[in-house]
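Undergrad: mmCIF, C-alpha atoms, saved as target-v7.cif, coming up:
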```
data_my_file
loop_
_atom_site.label_atom_id
_atom_site.label_comp_id
_atom_site.auth_asym_id
_atom_site.auth_seq_id
_atom_site.Cartn_x
_atom_site.Cartn_y
_atom_site.Cartn_z
CA MET A 1 115.65 -88.09 192.68
CA ALA A 2 116.23 -85.32 195.10
CA GLN A 3 113.42 -84.31 197.30
CA HIS A 4 112.42 -80.70 196.97
CA GLN A 5 109.39 -81.05 199.07
CA VAL A 6 108.99 -77.86 201.12
CA ASN A 7 106.26 -77.24 203.58
CA TYR A 8 105.47 -73.66 202.65
CA LEU A 9 103.17 -73.10 205.58
CA LYS A 10 105.62 -74.34 208.13
CA ASP A 11 107.42 -71.56 209.95
CA GLY A 12 110.90 -71.25 208.60
CA GLY A 13 110.23 -73.34 205.53
CA LEU A 14 110.80 -70.47 203.17
CA PRO A 15 111.10 -66.77 203.82
CA VAL A 16 107.38 -66.25 203.68
CA ALA A 17 105.87 -63.86 206.15
CA LEU A 18 102.17 -63.32 206.46
CA THR A 19 101.12 -59.90 207.65
CA THR A 20 98.71 -57.12 206.90
CA ILE A 21 99.24 -54.40 204.34
CA ASP A 22 98.95 -51.85 207.14
CA LYS A 23 101.89 -53.32 208.96
CA VAL A 24 104.08 -53.57 205.88
CA VAL A 25 103.40 -50.02 204.81
CA ASN A 26 103.83 -48.64 208.29
CA TRP A 27 107.00 -50.64 208.73
CA GLY A 28 108.34 -49.00 205.59
CA ARG A 29 107.20 -45.54 206.57
CA SER A 30 108.41 -45.65 210.14
CA ASN A 31 111.83 -46.97 209.21
CA SER A 32 112.56 -44.57 206.40
CA LEU A 33 111.77 -41.23 207.97
CA TRP A 34 113.67 -38.81 205.82
CA ALA A 35 114.03 -35.57 207.69
CA LEU A 36 114.27 -32.07 206.30
CA THR A 37 117.35 -30.28 207.61
CA TYR A 38 115.79 -27.50 209.63
CA GLY A 39 118.39 -26.21 212.03
CA LEU A 40 117.23 -22.72 213.01
CA ALA A 41 119.39 -22.15 216.09
CA CYS A 42 121.52 -23.98 218.65
CA CYS A 43 119.18 -27.03 218.64
CA GLY A 44 120.38 -27.49 215.07
CA ILE A 45 123.80 -28.43 216.44
CA GLU A 46 122.24 -31.23 218.49
CA MET A 47 120.25 -32.32 215.45
CA MET A 48 123.44 -32.47 213.38
CA ALA A 49 125.13 -34.46 216.15
CA SER A 50 122.23 -36.92 216.05
CA GLY A 51 122.81 -37.40 212.36
CA ALA A 52 126.56 -37.79 212.66
CA SER A 53 128.49 -40.97 213.34
CA ARG A 54 128.43 -41.06 217.14
CA TYR A 55 124.65 -41.15 217.45
CA ASP A 56 124.05 -42.31 213.88
CA PHE A 57 120.51 -41.58 212.80
CA ASP A 58 120.98 -43.72 209.69
CA ARG A 59 120.34 -46.89 211.66
CA PHE A 60 116.79 -45.65 212.24
CA GLY A 61 116.46 -44.98 208.53
CA THR A 62 116.41 -41.26 209.27
CA ILE A 63 118.42 -39.54 206.60
CA PHE A 64 118.59 -35.76 206.42
CA ARG A 65 117.52 -34.34 203.11
CA ALA A 66 118.02 -30.79 201.92
CA SER A 67 114.80 -30.66 199.92
CA PRO A 68 111.24 -30.66 201.28
CA ARG A 69 110.18 -32.71 198.24
CA GLN A 70 112.26 -35.63 199.46
CA ALA A 71 111.42 -35.30 203.14
CA GLU A 72 108.52 -36.50 205.24
CA LEU A 73 109.73 -35.44 208.66
CA MET A 74 110.41 -31.86 209.68
CA VAL A 75 112.49 -31.45 212.83
CA VAL A 76 112.02 -27.78 213.70
CA ALA A 77 115.25 -27.30 215.64
CA GLY A 78 115.46 -23.81 217.07
CA THR A 79 113.89 -20.40 217.41
CA LEU A 80 111.36 -19.52 214.77
CA THR A 81 111.31 -15.79 214.11
CA LYS A 82 108.25 -14.03 212.78
CA LYS A 83 110.15 -13.10 209.65
CA HIS A 84 110.81 -16.77 208.95
CA ALA A 85 107.29 -18.03 209.78
CA GLU A 86 105.97 -17.79 206.23
CA PHE A 87 108.92 -19.76 204.87
CA ILE A 88 108.47 -22.65 207.32
CA ARG A 89 104.84 -22.80 206.28
CA ARG A 90 105.81 -22.83 202.61
CA LEU A 91 108.35 -25.61 203.15
CA TYR A 92 105.82 -27.61 205.15
CA ASP A 93 103.31 -27.28 202.33
CA GLN A 94 105.92 -28.48 199.83
CA MET A 95 106.52 -31.72 201.72
CA THR A 96 104.57 -34.67 200.36
CA GLU A 97 101.91 -36.48 202.38
CA PRO A 98 102.20 -38.28 204.72
CA LYS A 99 104.33 -35.89 206.77
CA TRP A 100 105.19 -35.41 210.40
CA VAL A 101 106.66 -32.59 212.47
CA ILE A 102 108.82 -32.77 215.58
CA SER A 103 109.09 -29.50 217.45
CA MET A 104 112.54 -29.67 219.01
CA GLY A 105 113.45 -27.59 222.05
CA SER A 106 111.81 -24.92 224.16
CA CYS A 107 111.97 -22.20 221.52
CA ALA A 108 110.11 -24.23 218.94
CA ASN A 109 107.59 -25.46 221.51
CA THR A 110 106.59 -22.19 223.14
CA GLY A 111 108.98 -19.46 222.08
CA GLY A 112 111.09 -20.39 225.09
CA MET A 113 113.05 -17.59 226.66
CA PHE A 114 112.46 -15.31 223.67
CA ASN A 115 109.34 -13.67 225.02
CA THR A 116 109.74 -10.83 222.51
CA TYR A 117 108.06 -9.15 219.57
CA ALA A 118 110.09 -10.99 216.95
CA THR A 119 109.69 -14.66 217.95
CA VAL A 120 106.80 -16.97 217.08
CA GLN A 121 105.44 -18.27 220.39
CA GLY A 122 105.46 -21.93 219.38
CA VAL A 123 105.64 -23.37 215.87
CA ASP A 124 102.18 -24.88 216.37
CA ARG A 125 100.82 -21.43 215.57
CA VAL A 126 102.01 -21.97 212.02
CA ILE A 127 102.24 -25.71 211.31
CA PRO A 128 100.62 -28.78 212.96
CA VAL A 129 103.05 -30.55 215.31
CA ASP A 130 103.08 -34.29 216.08
CA LEU A 131 105.61 -34.38 218.87
CA TYR A 132 106.92 -31.73 221.24
CA LEU A 133 110.41 -32.39 222.50
CA PRO A 134 111.35 -30.46 225.66
CA GLY A 135 114.86 -29.30 226.48
CA CYS A 136 117.22 -26.41 225.90
CA ALA A 137 118.78 -27.83 223.88
CA PRO A 138 117.64 -31.50 223.92
CA ARG A 139 120.53 -33.93 223.74
CA PRO A 140 120.83 -36.23 220.71
CA GLU A 141 119.53 -39.17 222.78
CA THR A 142 116.36 -37.17 223.39
CA LEU A 143 115.90 -36.59 219.69
CA GLN A 144 116.46 -40.29 219.02
CA TYR A 145 113.83 -41.11 221.60
CA ALA A 146 111.45 -38.65 219.98
CA VAL A 147 111.99 -40.34 216.62
CA MET A 148 111.30 -43.74 218.20
CA LEU A 149 108.08 -42.41 219.73
CA LEU A 150 107.13 -41.00 216.35
CA GLN A 151 107.80 -44.40 214.75
CA GLN A 152 105.49 -45.91 217.32
CA LYS A 153 102.86 -43.35 216.45
CA ILE A 154 103.22 -44.11 212.75
CA ARG A 155 102.85 -47.84 213.41
CA ARG A 156 99.55 -47.16 215.14
CA GLU A 157 98.16 -45.23 212.20
CA SER A 158 96.14 -46.83 209.46
CA ALA A 159 98.03 -47.00 206.20
CA SER A 160 95.42 -48.68 204.03
CA ARG A 161 93.55 -45.50 203.18
CA ALA A 162 94.92 -42.11 202.44
CA GLN A 163 96.05 -40.34 205.55
CA LYS A 164 93.82 -37.50 206.51
CA PRO A 165 95.88 -34.37 205.89
CA LYS A 166 96.62 -32.53 209.08
CA ARG A 167 95.26 -29.04 209.30
CA LEU A 168 95.69 -26.28 211.79
CA MET A 169 92.31 -24.80 210.87
CA MET B 170 135.60 -15.90 256.29
CA ARG B 171 133.42 -12.91 255.62
CA ALA B 172 133.53 -10.17 258.24
CA TYR B 173 130.54 -10.10 260.54
CA THR B 174 128.04 -7.33 260.05
CA PRO B 175 125.19 -6.79 262.50
CA LYS B 176 121.89 -7.91 260.99
CA ASP B 177 119.52 -6.44 263.58
CA ASP B 178 118.22 -3.69 261.31
CA VAL B 179 118.07 -5.67 258.07
CA GLN B 180 114.30 -5.25 257.85
CA LYS B 181 114.50 -1.49 258.23
CA LYS B 182 117.23 -0.87 255.71
CA PRO B 183 115.15 -0.83 252.52
CA TYR B 184 113.19 2.09 253.93
CA TYR B 185 116.27 4.26 254.12
CA THR B 186 118.34 3.14 251.15
CA ASP B 187 117.65 3.55 247.47
CA ARG B 188 116.24 0.27 246.20
CA TYR B 189 117.41 0.88 242.67
CA TRP B 190 121.02 1.19 241.77
CA VAL B 191 121.80 4.45 240.07
CA ALA B 192 124.57 4.23 237.54
CA PRO B 193 127.31 6.74 238.35
CA GLN B 194 128.21 9.21 235.62
CA VAL B 195 131.49 8.60 233.88
CA ALA B 196 133.88 11.39 234.79
CA LYS B 197 134.51 13.97 232.09
CA SER B 198 137.80 15.78 231.71
CA ASP B 199 138.91 18.70 229.58
CA VAL B 200 140.16 18.16 226.02
CA SER B 201 143.29 20.22 226.71
CA GLU B 202 144.63 17.33 228.80
CA ASP B 203 145.40 15.38 225.64
CA ALA B 204 147.57 17.09 223.02
CA VAL B 205 146.45 14.89 220.10
CA PHE B 206 142.77 15.42 220.79
CA ALA B 207 143.26 19.12 221.40
CA ALA B 208 144.88 19.53 217.99
CA ASP B 209 142.06 17.60 216.30
CA LEU B 210 139.47 19.70 218.07
CA GLU B 211 141.17 22.93 216.98
CA MET B 212 141.09 21.67 213.39
CA LEU B 213 137.36 20.90 213.70
CA LYS B 214 136.55 24.25 215.29
CA GLY B 215 138.10 26.00 212.33
CA TYR B 216 135.42 24.65 209.99
CA PHE B 217 132.37 23.68 212.04
CA ASP B 218 130.40 24.64 215.15
CA VAL B 219 131.35 22.49 218.10
CA LEU B 220 128.60 22.51 220.74
CA ASP B 221 130.50 20.56 223.37
CA ALA B 222 133.72 18.57 223.65
CA TYR B 223 135.23 16.55 226.49
CA ILE B 224 137.24 13.42 227.20
CA GLN B 225 135.62 10.37 228.74
CA LYS B 226 137.51 7.14 229.33
CA ASP B 227 140.40 8.29 227.09
CA GLN B 228 138.02 8.98 224.22
CA MET B 229 137.12 12.40 222.94
CA VAL B 230 133.42 13.13 222.57
CA VAL B 231 132.45 15.95 220.22
CA VAL B 232 128.89 17.21 219.99
CA ILE B 233 128.05 18.87 216.68
CA HIS B 234 125.03 20.06 214.68
CA ALA B 235 123.27 17.22 212.84
CA LYS B 236 123.55 19.07 209.50
CA ASP B 237 127.35 19.00 209.72
CA ASN B 238 127.71 15.26 210.20
CA PHE B 239 128.98 14.44 206.70
CA GLY B 240 131.44 17.33 206.67
CA VAL B 241 132.82 16.59 210.12
CA ILE B 242 133.38 12.91 209.39
CA GLU B 243 134.91 13.73 205.99
CA LEU B 244 137.34 16.13 207.66
CA LEU B 245 138.22 13.64 210.39
CA LYS B 246 138.78 10.91 207.84
CA ASN B 247 140.79 12.83 205.25
CA VAL B 248 142.67 15.36 207.35
CA CYS B 249 142.81 14.03 210.92
CA ASP B 250 143.37 10.40 209.84
CA TYR B 251 140.50 8.76 211.68
CA ASN B 252 140.34 5.96 209.15
CA GLN B 253 137.77 3.61 210.66
CA LEU B 254 134.10 4.00 211.54
CA SER B 255 133.66 1.19 214.02
CA GLU B 256 130.10 1.85 215.08
CA LEU B 257 127.14 4.04 214.32
CA SER B 258 123.75 4.00 215.94
CA ALA B 259 121.17 6.05 217.77
CA ILE B 260 119.69 6.44 221.24
CA ASP B 261 116.04 7.18 221.84
CA TRP B 262 115.62 10.28 224.04
CA LEU B 263 112.16 11.08 222.65
CA ALA B 264 110.48 10.86 226.05
CA THR B 265 112.77 13.34 227.82
CA GLU B 266 114.03 15.63 225.04
CA GLY B 267 111.93 14.76 222.02
CA LYS B 268 115.11 13.89 220.13
CA PHE B 269 117.26 11.03 218.91
CA GLU B 270 120.95 11.09 219.70
CA ILE B 271 123.06 9.73 216.86
CA PHE B 272 126.64 8.74 217.51
CA TYR B 273 129.55 7.83 215.26
CA GLN B 274 132.39 5.90 216.88
CA MET B 275 135.68 6.42 215.03
CA LEU B 276 139.19 5.01 215.34
CA SER B 277 142.51 6.35 214.16
CA MET B 278 144.97 3.52 213.54
CA SER B 279 147.97 5.84 213.22
CA LYS B 280 147.21 7.95 216.31
CA ARG B 281 145.81 5.02 218.29
CA LYS B 282 142.91 7.19 219.42
CA ARG B 283 139.16 6.70 219.52
CA LEU B 284 136.72 9.51 219.03
CA ARG B 285 132.95 9.81 219.22
CA ILE B 286 130.83 12.26 217.27
CA LYS B 287 127.38 13.00 218.67
CA CYS B 288 124.49 14.93 217.24
CA LYS B 289 120.78 15.18 217.95
CA ILE B 290 117.82 15.22 215.59
CA SER B 291 114.11 15.42 216.27
CA GLU B 292 111.73 12.64 215.27
CA LYS B 293 110.66 14.12 211.92
CA GLU B 294 114.15 15.13 210.81
CA SER B 295 116.43 13.05 208.62
CA ILE B 296 120.20 12.85 208.51
CA GLN B 297 122.83 12.69 205.79
CA SER B 298 124.32 9.30 204.97
CA VAL B 299 128.06 8.78 205.51
CA GLU B 300 128.08 5.63 203.40
CA LYS B 301 130.15 7.44 200.75
CA LEU B 302 132.95 7.84 203.31
CA PHE B 303 132.76 4.52 205.14
CA ARG B 304 131.16 1.41 203.64
CA SER B 305 130.54 0.11 207.14
CA ALA B 306 127.90 2.80 207.55
CA ASP B 307 125.73 1.06 204.94
CA TRP B 308 124.24 -1.64 207.16
CA SER B 309 124.51 0.42 210.34
CA GLU B 310 122.36 3.15 208.84
CA ARG B 311 119.87 0.61 207.56
CA GLU B 312 119.69 -0.87 211.05
CA MET B 313 119.20 2.61 212.48
CA TYR B 314 116.28 3.12 210.11
CA ASP B 315 114.91 -0.34 210.88
CA MET B 316 115.07 -0.03 214.65
CA PHE B 317 114.41 3.70 215.22
CA GLY B 318 112.72 4.94 212.07
CA ILE B 319 115.41 7.53 211.40
CA VAL B 320 115.38 8.29 207.69
CA ILE B 321 118.81 8.59 206.06
CA ASN B 322 119.27 10.88 203.06
CA ASN B 323 121.33 9.74 200.05
CA HIS B 324 121.62 6.17 201.28
CA PRO B 325 122.07 3.73 198.33
CA TYR B 326 119.57 1.13 199.60
CA MET B 327 117.28 2.52 202.27
CA ARG B 328 115.35 -0.56 203.37
CA ARG B 329 114.81 -2.49 206.58
CA ILE B 330 117.66 -4.87 207.36
CA LEU B 331 116.50 -7.12 210.22
CA MET B 332 112.74 -6.94 210.39
CA PRO B 333 110.52 -7.97 207.44
CA ASP B 334 109.86 -5.28 204.82
CA ASP B 335 106.16 -5.12 205.67
CA TRP B 336 106.79 -4.64 209.40
CA GLU B 337 105.07 -1.78 211.16
CA GLY B 338 106.73 0.11 213.98
CA PHE B 339 110.32 0.55 215.10
CA PRO B 340 111.28 -1.99 217.78
CA LEU B 341 114.17 -0.20 219.51
CA ARG B 342 112.17 2.90 220.38
CA LYS B 343 111.42 3.13 224.07
CA THR B 344 107.70 3.35 223.33
CA TYR B 345 107.67 0.00 221.52
CA PRO B 346 106.41 -2.80 223.81
CA LEU B 347 108.85 -5.69 224.32
CA GLN B 348 106.21 -8.28 223.51
CA GLY B 349 105.08 -6.37 220.45
CA ASP B 350 102.06 -4.30 219.55
CA GLU B 351 98.95 -5.81 218.03
CA PHE B 352 100.50 -5.92 214.56
CA ALA B 353 103.54 -7.83 215.85
CA GLN B 354 101.54 -10.30 217.93
CA TRP B 355 99.38 -11.34 215.00
CA TYR B 356 102.01 -10.92 212.30
CA GLU B 357 102.53 -14.57 211.32
CA VAL B 358 98.85 -15.46 211.57
CA ASP B 359 97.78 -12.47 209.47
CA LYS B 360 100.42 -13.14 206.87
CA ILE B 361 99.95 -16.90 206.45
CA PHE B 362 96.29 -17.53 207.17
CA GLY B 363 94.70 -14.09 206.96
CA LYS B 364 93.04 -11.94 209.58
CA GLU B 365 89.93 -14.16 209.69
CA ALA B 366 92.04 -16.97 211.23
CA ARG B 367 92.77 -14.95 214.37
CA GLU B 368 89.79 -16.34 216.24
CA ILE B 369 90.62 -19.96 215.36
CA ILE B 370 94.30 -19.84 216.21
CA GLY B 371 93.88 -17.60 219.23
CA PRO B 372 96.19 -15.11 220.90
CA GLU B 373 99.77 -15.91 221.81
CA ILE B 374 100.38 -17.51 225.18
CA ARG B 375 103.14 -15.35 226.58
CA ASP B 376 103.60 -17.15 229.89
CA SER B 377 105.89 -19.95 228.79
CA ALA B 378 105.98 -21.41 232.30
CA ARG B 379 102.23 -21.90 232.37
CA VAL B 380 101.21 -25.54 232.79
CA ASP B 381 97.61 -26.55 233.42
CA ARG B 382 97.71 -29.82 235.31
CA TYR B 383 94.29 -30.97 234.08
CA ASP B 384 94.42 -29.67 230.50
CA THR B 385 94.90 -32.80 228.39
CA GLU B 386 94.40 -30.89 225.12
CA ARG B 387 97.75 -29.18 225.38
CA PHE B 388 99.73 -30.94 228.11
CA ALA B 389 100.72 -34.50 228.91
CA ARG B 390 102.51 -35.95 231.90
CA LEU B 391 105.36 -38.25 231.01
CA GLY B 392 104.53 -41.75 232.20
CA HIS B 393 100.85 -40.86 232.64
CA GLU B 394 99.71 -40.28 229.08
CA VAL B 395 96.01 -40.36 228.35
CA PRO B 396 94.07 -39.80 225.11
CA ARG B 397 93.77 -36.19 224.06
CA GLY B 398 90.96 -34.36 225.77
CA ALA B 399 90.37 -37.04 228.42
CA ASP B 400 89.12 -35.93 231.83
CA ILE B 401 91.81 -36.55 234.44
CA SER B 402 90.36 -34.66 237.37
CA GLN B 403 90.00 -38.03 239.13
CA GLY B 404 93.63 -39.00 238.47
CA GLU B 405 95.19 -40.82 235.56
CA PRO B 406 96.61 -44.33 235.07
CA ASP B 407 100.32 -45.15 234.90
CA THR B 408 101.51 -45.71 231.37
CA PRO B 409 105.14 -46.82 231.49
CA LEU B 410 107.27 -45.28 228.76
CA VAL B 411 108.07 -47.78 226.02
CA TYR B 412 109.45 -47.10 222.61
CA GLN B 413 108.17 -50.39 221.21
CA GLU B 414 104.89 -52.17 221.53
CA ALA B 415 104.83 -55.08 224.01
CA GLU B 416 104.23 -57.73 221.34
CA GLY B 417 107.22 -56.48 219.35
CA VAL B 418 107.43 -54.82 215.97
CA PHE B 419 107.33 -56.50 212.58
CA MET B 420 110.83 -57.39 211.41
CA ILE B 421 112.47 -55.36 214.16
CA GLU B 422 114.34 -57.04 216.96
CA LYS B 423 114.05 -55.47 220.35
CA PHE B 424 117.33 -54.57 222.00
CA ASP B 425 118.04 -56.77 224.98
CA ALA B 426 120.48 -55.30 227.46
CA GLU B 427 121.13 -58.74 228.99
CA LYS B 428 122.28 -60.28 225.72
CA SER B 429 124.38 -57.31 224.60
CA VAL B 430 128.15 -57.43 224.87
CA VAL B 431 130.05 -54.55 226.37
CA ILE B 432 133.51 -54.21 224.89
CA SER B 433 135.84 -53.74 227.83
CA ASP B 434 139.10 -54.24 226.01
CA ARG B 435 139.34 -51.19 223.77
CA ASP B 436 142.68 -52.19 222.25
CA ARG B 437 141.70 -55.63 221.02
#
```
Here is a file; write its structure as C-alpha cells.
TA:
Amino acid sequence: MAQHQVNYLKDGGLPVALTTIDKVVNWGRSNSLWALTYGLACCGIEMMASGASRYDFDRFGTIFRASPRQAELMVVAGTLTKKHAEFIRRLYDQMTEPKWVISMGSCANTGGMFNTYATVQGVDRVIPVDLYLPGCAPRPETLQYAVMLLQQKIRRESASRAQKPKRLM
Amino acid sequence: MRAYTPKDDVQKKPYYTDRYWVAPQVAKSDVSEDAVFAADLEMLKGYFDVLDAYIQKDQMVVVIHAKDNFGVIELLKNVCDYNQLSELSAIDWLATEGKFEIFYQMLSMSKRKRLRIKCKISEKESIQSVEKLFRSADWSEREMYDMFGIVINNHPYMRRILMPDDWEGFPLRKTYPLQGDEFAQWYEVDKIFGKEAREIIGPEIRDSARVDRYDTERFARLGHEVPRGADISQGEPDTPLVYQEAEGVFMIEKFDAEKSVVISDRDR
C-alpha cells in the first residue's frame, strides 16, 4: 500500500502558508492597485509610458482603469486648474474605500510654475494626498518607485478593521 | 574671439543708460505705396468713415468707428475678397485711454494680402458680432467676452469659453492681478467645501520654492524621513531608502542584482 503520509506542519510538505489576515489582505491590496487614468497635462505622458510595455506597470498589478468605481489609486498627473477642481473631487468621492492618491509632478504638488489665478496651488487643497512625487515631469522609473513606496505604506496599514476614511477637514 | 571693450566704467553705466528696454515703434508707411491696398481703401472710404489708415510690415491697418465693424467686414469679405478672418481679439487700454481696442485680422487668399481692422470702444459699450460673416469669430468673440468683459451683440451663444461660468472678473484686463483676486484664490475651496472651510484649509502658498527645513508636517528629507510632526531641530536619523521591508514581503521575492542575468547577446 502506498504511503501517503504527509507531514503537514513540515515546511514544504504541502503548499500551506501560515500568516495573518492583515498580511494576506494587504498583500492583495498592495499588489492590485488599480489606478484611475488621470492624465491632466504633460505628466500624463510619463504616466502612460509607465503603463506601456517598456516600463510595464502590469507586473506591479497596477492596471489603469477608466472608471473611478473600479479604481483605488488616483495618480494626479498634471496641472489642476480651478475649473477642474470640483470634478477631481467628485471623482475622488466616487472611488471606493480604501483609496490612495499619488500627486505626480510639481504642478500637482504645489501648482509648480503656474503661479496664476487659474491653477490650484497643490491638489492637497482639494483631495487628501498620500504621496508627493517631485519632478517636472517625473520619469516613469520615479512613478514606479512611488508606487513601490505606496505598496510599502499599504503593507504597514492595518487591514483587519475598516480603514479610517481620509478627510481633508 | 569677442572684441575687447573697456570695462572701467561698468559700474557707472546704469546711471546713464535706460535700464528698461523700450520697444521701437514699427515704421508706418503711406497706403498709396501699395496699389492693391490703395484700391481697397478707396472702396472702403466710399461707404464708411475711415479714421486712419497706414501700412505696417506689409499689412494695411484701417481704423474705423466701432459701430461700422459689421458693415466694413461684410464689404471686405464680399466685395474686396478678404475671405478669411484669422484672428480677432482686444487690447486693454483702459488705464491710458479708458477704451478697449478691438482688432480683426483678415486675409485675402486671392490677393495674398493681410489687413487689420481696428476700432475702439469704451468699457460700457458693446460691439456687433461678426459671427454671421465668419464662423471663426464665434469662439474668438466668446474668448473676448471671457477675458475682457466686452459684451457682443447678436452672438448666438454669449457665454464664457475658458473660465468657469460662475467666475467673477475678467482675467486679461490689466487691472486683474496675475495671482487672482480674493474670489479666484478661494474659488475651489468655496465651491467644494463652502466658505466656512477657508479657515481650516488656509490660504494658498504662492511661493512654490519655499521649503521649511524643520517643518515635518509638510516636508520630508529623502533618506532622513521621520514621523509626521516630529521635532528635528536637534537633527534627524539616517533612514536609508528601501522599497521593501528588511525581512522581505509575503510571497514576493526581492530582486537580487547579483543573481540577475544581463543579456549581452541581443541576437541570440
Undergrad: Point out the residue among A:Trp27, A:Tyr38, A:Tyr132, A:Tyr55 with the least atom-to-atom distance to A:Val76, counting all atoms listed in the file.
TA: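 Of A:Trp27, A:Tyr38, A:Tyr132, A:Tyr55, the one nearest A:Val76, counting all atoms listed in the file, is A:Tyr38.
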Undergrad: Under the rule of at most 8 Å, produce a per-residue listing of chain B near chain A: chain, number, name, the closest pair of atoms, and the distance in Å, as a Markdown table, using all atoms listed in the file.
TA:
```
| residue | atom | partner | partner_atom | distance |
| --- | --- | --- | --- | --- |
| B:Met332 | CA | A:Lys83 | CA | 6.7 |
| B:Pro333 | CA | A:Lys83 | CA | 5.6 |
| B:Pro346 | CA | A:Tyr117 | CA | 7.8 |
| B:Leu347 | CA | A:Thr116 | CA | 5.5 |
| B:Gln348 | CA | A:Tyr117 | CA | 4.4 |
| B:Gly349 | CA | A:Tyr117 | CA | 4.2 |
| B:Asp350 | CA | A:Tyr117 | CA | 7.7 |
| B:Ala353 | CA | A:Tyr117 | CA | 6.0 |
| B:Gln354 | CA | A:Tyr117 | CA | 6.8 |
| B:Tyr356 | CA | A:Lys82 | CA | 7.0 |
| B:Glu357 | CA | A:Lys82 | CA | 5.9 |
| B:Val358 | CA | A:Val126 | CA | 7.3 |
| B:Lys360 | CA | A:Glu86 | CA | 7.3 |
| B:Ile361 | CA | A:Glu86 | CA | 6.1 |
| B:Ala366 | CA | A:Met169 | CA | 7.8 |
| B:Ile369 | CA | A:Met169 | CA | 6.8 |
| B:Ile370 | CA | A:Arg125 | CA | 6.7 |
| B:Glu373 | CA | A:Gln121 | CA | 6.3 |
| B:Ile374 | CA | A:Gln121 | CA | 7.0 |
| B:Arg375 | CA | A:Asn115 | CA | 6.6 |
| B:Ser377 | CA | A:Thr110 | CA | 6.1 |
| B:Tyr412 | CA | A:Leu149 | CA | 5.7 |
| B:Gln413 | CA | A:Gln152 | CA | 6.5 |
| B:Glu414 | CA | A:Gln152 | CA | 7.6 |
| B:Phe419 | CA | A:Trp27 | CA | 7.0 |
```
Undergrad: Taking the file above as input, evaluate the PyMOL selection byres ((chain A and resi 98) around 12) and report the hits as an NGL selection string.
TA: :A and (25-26 or 29-30 or 33-34 or 69-74 or 92-97 or 99-101 or 154 or 157-159 or 161-166)
Undergrad: Take the residues from that selection and write them out as a compact mmCIF listing (two decimals), keeping the file's coordinate frame, keeping C-alpha atoms.
TA:
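Full text of part.txt as output:
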```txt
# COMPACT_ATOMS: atom_id res chain seq x y z
CA VAL A 25 103.40 -50.02 204.81
CA ASN A 26 103.83 -48.64 208.29
CA ARG A 29 107.20 -45.54 206.57
CA SER A 30 108.41 -45.65 210.14
CA LEU A 33 111.77 -41.23 207.97
CA TRP A 34 113.67 -38.81 205.82
CA ARG A 69 110.18 -32.71 198.24
CA GLN A 70 112.26 -35.63 199.46
CA ALA A 71 111.42 -35.30 203.14
CA GLU A 72 108.52 -36.50 205.24
CA LEU A 73 109.73 -35.44 208.66
CA MET A 74 110.41 -31.86 209.68
CA TYR A 92 105.82 -27.61 205.15
CA ASP A 93 103.31 -27.28 202.33
CA GLN A 94 105.92 -28.48 199.83
CA MET A 95 106.52 -31.72 201.72
CA THR A 96 104.57 -34.67 200.36
CA GLU A 97 101.91 -36.48 202.38
CA LYS A 99 104.33 -35.89 206.77
CA TRP A 100 105.19 -35.41 210.40
CA VAL A 101 106.66 -32.59 212.47
CA ILE A 154 103.22 -44.11 212.75
CA GLU A 157 98.16 -45.23 212.20
CA SER A 158 96.14 -46.83 209.46
CA ALA A 159 98.03 -47.00 206.20
CA ARG A 161 93.55 -45.50 203.18
CA ALA A 162 94.92 -42.11 202.44
CA GLN A 163 96.05 -40.34 205.55
CA LYS A 164 93.82 -37.50 206.51
CA PRO A 165 95.88 -34.37 205.89
CA LYS A 166 96.62 -32.53 209.08
```
Undergrad: When the PyMOL selection byres ((chain B and resi 331) around 9) is applied to the structure above, which residues does it catch, written out as a PyMOL selection string?
TA: (chain A and resi 83) or (chain B and resi 311-312+315-316+329-330+332-334)
Undergrad: Can you tell me, as a ChimeraX atom specification, which residues sit within 8 Å of (103.6, -30.8, 221.2) in the file's frame, using only C-alpha atoms?
TA: /A:102-103,109,124,129-133 /B:387-388
Undergrad: Please enumerate the residues selected by the PyMOL selection byres ((chain B and resi 235-252) around 6) when evaluated against the supplied file, formatted as number ranges by chain.
TA: B: 234, 253, 276-277, 288, 299
Undergrad: Which centre and edge lengths in Å to one decimal define the box along x, y and z that fits every listed atom of stretch 347-350 of chain B plus 8 Å per side, as JSON?
TA:
```
{"center_x": 105.5, "center_y": -6.3, "center_z": 221.9, "size_x": 22.8, "size_y": 20.0, "size_z": 20.8}
```
Undergrad: Taking 5 positions as the minimum chain separation for residues in the same chain, which residues sit within 9 Å of stretch 39-42 of chain A when counting all atoms listed in the file? Answer as an NGL selection string.
TA: :A and (47-48 or 75-80 or 136-137)
Undergrad: Which is closest to B:Leu302 among B:Ser258, B:Lys364, B:Val219, B:His324, if we use only C-alpha atoms?
TA: B:His324
Undergrad: Can you patch up stretch 279-285 of chain B, filling it in to N, CA and C atoms, and show the result as a PDB file, in the coordinates of the input?
TA:
```pdb
ATOM      1  N   SER B 279     146.637   5.261 213.097  1.00  0.00           N
ATOM      2  CA  SER B 279     147.970   5.840 213.220  1.00  0.00           C
ATOM      3  C   SER B 279     148.155   6.548 214.563  1.00  0.00           C
ATOM      4  N   LYS B 280     147.099   7.225 215.037  1.00  0.00           N
ATOM      5  CA  LYS B 280     147.210   7.950 216.310  1.00  0.00           C
ATOM      6  C   LYS B 280     146.869   7.077 217.502  1.00  0.00           C
ATOM      7  N   ARG B 281     146.284   5.923 217.244  1.00  0.00           N
ATOM      8  CA  ARG B 281     145.810   5.020 218.290  1.00  0.00           C
ATOM      9  C   ARG B 281     144.862   5.754 219.245  1.00  0.00           C
ATOM     10  N   LYS B 282     143.881   6.427 218.632  1.00  0.00           N
ATOM     11  CA  LYS B 282     142.910   7.190 219.420  1.00  0.00           C
ATOM     12  C   LYS B 282     141.501   6.854 218.935  1.00  0.00           C
ATOM     13  N   ARG B 283     140.575   6.875 219.872  1.00  0.00           N
ATOM     14  CA  ARG B 283     139.160   6.700 219.520  1.00  0.00           C
ATOM     15  C   ARG B 283     138.405   7.985 219.799  1.00  0.00           C
ATOM     16  N   LEU B 284     137.435   8.246 218.952  1.00  0.00           N
ATOM     17  CA  LEU B 284     136.720   9.510 219.030  1.00  0.00           C
ATOM     18  C   LEU B 284     135.246   9.265 218.732  1.00  0.00           C
ATOM     19  N   ARG B 285     134.395  10.012 219.419  1.00  0.00           N
ATOM     20  CA  ARG B 285     132.950   9.810 219.220  1.00  0.00           C
ATOM     21  C   ARG B 285     132.306  11.127 218.826  1.00  0.00           C
TER      22      ARG B 285
END
```
